[in-house]
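*Asks:* Have a look at this one.
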Amino acid sequence: MMTTRPALLAIGTTLVLVAGLVSAQSHPSHQMTNGEITATVYLPDAKRGFYTTTRFDWSGAIGSLKYKGHDYYGIWFSKITDIYDFGYEGPGKDVLSADFTAMVGPAEEFGALGYDDVPAGGLFVKPGIGVLKRDEMNYNHSRPYVIANGGKWDVKTSRDAVEFTHTLSESSIGFGYVYTKVLKLTPGKPQMTISHVLKNTGSKAIVTNVYNHNFTTIDKQATGPDIEITVPWSMTRAPGRGGRGPQGAAPGAPARQGPPPVNPYAALAAGERMGTQCAQEQMRSLASPQGNKIVYAKVLEGSECYQAGFTGFGADTKDNDIRIENKKVGAGVHITGDRPLTRLGYWSIRTVVAPEPYIDLNVDPGQQFSWTYTYDYYTTK
């Protein structure tokens, strides 16, 4: 259920699955502006929403954000299908996405709560989505789950902001929360803040992590040497997904994703699924950490992809700082967080780059936890 104040306007046009293809159609959305930035923000709606499945938080998806003629976010796939995660097809290597991964902009994902505590058919929670039903397998965000209780969404809009509140209660498993997320454009500046407050109204502690996928598609330019990812610390490629060590994951938090199956989408030739391609040794030469930057060796083509985790950051909040810049078009975004990093992942294919900063959450019953990301958009030409 969702209520809105004021009445919501489906004013944004984006791409939606129709007969397996991505084509233009309106979803519930709100266009916000501060005179510097204009952004289209999708609104949660179980029937008509841009995103209605079970990986990402339903609130705050940004279909477009424009500043000085540049567009920072948008669709990076050409087709949605039942593939496992990502992949490619046809002579042009058209990008495929599963529905649960077909998200845009600064999309956030929380770790699952209580999955390992219940048998198959039991209930667990994904914040920002609802109460889901467990299956017989280990938890994997690259599979959809049945939504048993979607909670209640309340949305407030204004000229330069959108406020989302998700209220969820499932006393049978001890979890409940009031989760508020506010996207706001700063007056007179090319800046957006995404602030969050998670209040625990259940009887169990909320112990997990959350990361922002930051699907970034500046002017739909190909990924390659023109793209530069910068942090304020010296980067080292991690053997895993990029944590500070034992404290890198929240205590008790479920694994984010297991390894992909050998043949997740049998209709494609072996080696052409992104989930298996990215881990292959030859893909590691496509880019590398050089000091405090990720530097690409070539423009990504076809099914090439680069994925890694990075270490080198400390426990200080100042290290939660990422800059994404396209030197060719002269546009970038500087992202800073007000909580310490616990992991940094990175994923890219030819149509999108995505630095993934993680933070930990440990919220006792009756308590609340807040965090904010600040996005400063800029041009260099």
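By order of appearance in the structure tokens: chains A, B, ..., then residues from 1 within every chain, and ligands from 1 in the order shown.
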To test your reading of the structure, identify every residue in stretch 141-377 of chain A that backbone DSSP assigns to helix (DSSP H, G or I), and report it as a list in words.
*Replies:*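 Everything in stretch 141-377 of chain A that counts as helix (DSSP H, G or I) is Ile218, Asp219, Lys220, Pro246, Gln247, Gly248, Met274, Gly275, Thr276, Gln277, Glu281, Gln282, Met283, Arg284, Ser285, Leu286, Thr317, Lys318 and Asp319 of chain A.
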*Asks:* List as a PyMOL selection string the protein and nucleic acid residues near A:Tyr211, meaning an atom at most 8 Å away when only C-alpha atoms are counted, but skip any in the same chain fewer than 3 places from it.
*Replies:* chain A and resi 108-110+356-359
*Asks:* Which residues, written as an NGL selection string, have at least one atom at most 7 Å from A:Arg323, with only C-alpha atoms counted and residues fewer than 2 positions away on the same chain left out?
*Replies:* :A and (229-231 or 321 or 325 or 333-335)
*Asks:* For a quick check of understanding, using only C-alpha atoms, which of A:Cys278, A:Val41, A:Val104, A:Leu341 has the smallest distance to A:Leu183?
*Replies:*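 Smallest separation from A:Leu183 among the options: A:Val41.
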*Asks:* Tell me which protein, DNA and RNA residues are within 7 Å of stretch 159-169 of chain A, counting only C-alpha atoms, leaving out same-chain ones fewer than 6 positions away, and put them as a compact mmCIF listing (two decimals) with N, CA and C atoms, in the first residue's frame.
*Replies:*
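Resulting contents of out-v2.txt:
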```txt
# COMPACT_ATOMS: atom_id res chain seq x y z
N MET A 32 11.89 16.60 -9.72
CA MET A 32 12.29 17.63 -8.78
C MET A 32 13.40 18.48 -9.39
N THR A 33 13.44 19.76 -8.98
CA THR A 33 14.45 20.66 -9.51
C THR A 33 14.75 21.75 -8.49
N ASN A 34 15.98 22.26 -8.55
CA ASN A 34 16.36 23.42 -7.73
C ASN A 34 16.88 24.55 -8.61
N SER A 59 12.72 2.51 -2.92
CA SER A 59 12.66 3.98 -2.90
C SER A 59 13.92 4.61 -3.46
N GLY A 128 13.27 -1.98 2.90
CA GLY A 128 12.96 -1.25 1.68
C GLY A 128 12.16 -2.05 0.68
N GLY A 130 10.21 -5.54 2.00
CA GLY A 130 9.16 -6.11 2.82
C GLY A 130 9.56 -7.45 3.41
N GLY A 151 4.43 -4.19 3.51
CA GLY A 151 4.41 -3.02 4.38
C GLY A 151 3.62 -1.88 3.76
N LYS A 152 3.85 -0.67 4.24
CA LYS A 152 3.13 0.52 3.78
C LYS A 152 4.12 1.61 3.40
N TRP A 153 3.96 2.13 2.19
CA TRP A 153 4.78 3.24 1.72
C TRP A 153 4.01 4.54 1.82
N PHE A 175 10.58 -8.79 13.63
CA PHE A 175 11.15 -7.65 12.91
C PHE A 175 10.10 -6.59 12.61
N GLY A 176 10.51 -5.35 12.76
CA GLY A 176 9.68 -4.21 12.40
C GLY A 176 10.53 -2.97 12.32
N TYR A 177 10.13 -2.03 11.49
CA TYR A 177 10.90 -0.79 11.37
C TYR A 177 10.05 0.31 10.75
N VAL A 178 10.52 1.53 10.93
CA VAL A 178 10.07 2.68 10.15
C VAL A 178 11.33 3.23 9.47
N TYR A 179 11.33 3.17 8.17
CA TYR A 179 12.50 3.54 7.36
C TYR A 179 12.14 4.77 6.54
N THR A 180 12.89 5.85 6.74
CA THR A 180 12.65 7.10 6.02
C THR A 180 13.87 7.46 5.18
N LYS A 181 13.63 7.75 3.91
CA LYS A 181 14.69 8.18 3.00
C LYS A 181 14.23 9.48 2.34
N VAL A 182 15.12 10.48 2.33
CA VAL A 182 14.80 11.77 1.72
C VAL A 182 15.84 12.10 0.66
N LEU A 183 15.38 12.32 -0.57
CA LEU A 183 16.23 12.84 -1.64
C LEU A 183 15.93 14.33 -1.75
N LYS A 184 16.96 15.16 -1.60
CA LYS A 184 16.75 16.60 -1.61
C LYS A 184 17.85 17.30 -2.40
N LEU A 185 17.45 18.25 -3.24
CA LEU A 185 18.39 19.07 -3.98
C LEU A 185 18.69 20.32 -3.16
```
*Asks:* Taking only C-alpha atoms into account, name the residue in A:Glu136, A:Glu36, A:Asp117, A:Glu228 that is nearest to A:His70.
*Replies:*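 Of A:Glu136, A:Glu36, A:Asp117, A:Glu228, the one nearest A:His70, counting only C-alpha atoms, is A:Glu36.
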*Asks:* Hey, what's within 9 Å of stretch 113-115 of chain A if we count only C-alpha atoms and toss same-chain stuff fewer than 5 positions away? As a VMD selection string, please?
*Replies:* chain A and resid 122 to 127 133 to 134 138 to 139 173 175 206 to 208 253 to 254
*Asks:* Would you list the contacts of stretch 88-102 of chain A as number ranges by chain, taking every protein, DNA or RNA residue within 6 Å and counting only C-alpha atoms, but skipping same-chain residues closer than 5 positions in sequence?
*Replies:* A: 53, 55, 77-83, 302
*Asks:* Take the residues from that selection and write them out as a PDB file, in the first residue's frame, keeping C-alpha atoms.
*Replies:*
```
ATOM      1  CA  THR A  53      11.090  -7.232  -7.289  1.00  0.00           C
ATOM      2  CA  ARG A  55      16.875  -7.174  -4.533  1.00  0.00           C
ATOM      3  CA  PHE A  77      20.391  -2.569 -20.510  1.00  0.00           C
ATOM      4  CA  SER A  78      18.461  -3.271 -23.706  1.00  0.00           C
ATOM      5  CA  LYS A  79      16.347  -6.209 -22.606  1.00  0.00           C
ATOM      6  CA  ILE A  80      14.946  -7.769 -19.428  1.00  0.00           C
ATOM      7  CA  THR A  81      14.714 -11.547 -19.347  1.00  0.00           C
ATOM      8  CA  ASP A  82      14.911 -14.502 -16.951  1.00  0.00           C
ATOM      9  CA  ILE A  83      18.700 -14.658 -17.248  1.00  0.00           C
ATOM     10  CA  GLY A 302      31.020  -6.706 -26.345  1.00  0.00           C
TER      11      GLY A 302
END
```
*Asks:* Report the distance between atom CA of A:Gly35 and atom CA of A:Tyr378 in Å, rounded to one decimal place.
*Replies:*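 Atom-to-atom, atom CA of A:Gly35 and atom CA of A:Tyr378 are spaced 14.6 Å apart.
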*Asks:* Please provide the set of residues having any atom within 10 Å of A:Ser370, restricted to only C-alpha atoms, with same-chain residues fewer than 2 positions apart removed, written as a short mmCIF file (atom, residue, chain, number, x, y, z; two decimals) with C-alpha atoms, in the first residue's frame.
*Replies:*
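File written: part_34.cif
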```
data_model
loop_
_atom_site.label_atom_id
_atom_site.label_comp_id
_atom_site.auth_asym_id
_atom_site.auth_seq_id
_atom_site.Cartn_x
_atom_site.Cartn_y
_atom_site.Cartn_z
CA TYR A 179 12.50 3.54 7.36
CA THR A 180 12.65 7.10 6.02
CA LYS A 181 14.69 8.18 3.00
CA SER A 195 19.47 10.95 3.95
CA HIS A 196 18.18 7.89 5.79
CA VAL A 197 16.76 7.08 9.22
CA LEU A 198 16.02 3.47 10.20
CA LYS A 199 14.05 3.10 13.44
CA ASP A 338 28.97 10.31 6.76
CA ARG A 339 29.58 6.75 8.03
CA LEU A 361 24.02 -1.37 10.60
CA GLN A 368 17.40 4.33 15.31
CA THR A 372 23.57 10.41 4.57
#
```
*Asks:* For atom CA of A:Gly330 and atom CA of A:Ile37, quote the distance in Å rounded to one decimal.
*Replies:* 16.5 Å
*Asks:* Using only C-alpha atoms for the distances, tell me which of A:Ala354, A:Ile218, A:Leu286, A:Ala297 is nearest to A:Thr379.
*Replies:*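 Of A:Ala354, A:Ile218, A:Leu286, A:Ala297, the one nearest A:Thr379 is A:Ile218, counting only C-alpha atoms.
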*Asks:* What is the atom CA of A:Pro28 to atom CA of A:Ile194 distance in Å?
*Replies:*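 One can read the atom CA of A:Pro28 to atom CA of A:Ile194 distance as 19.6 Å.
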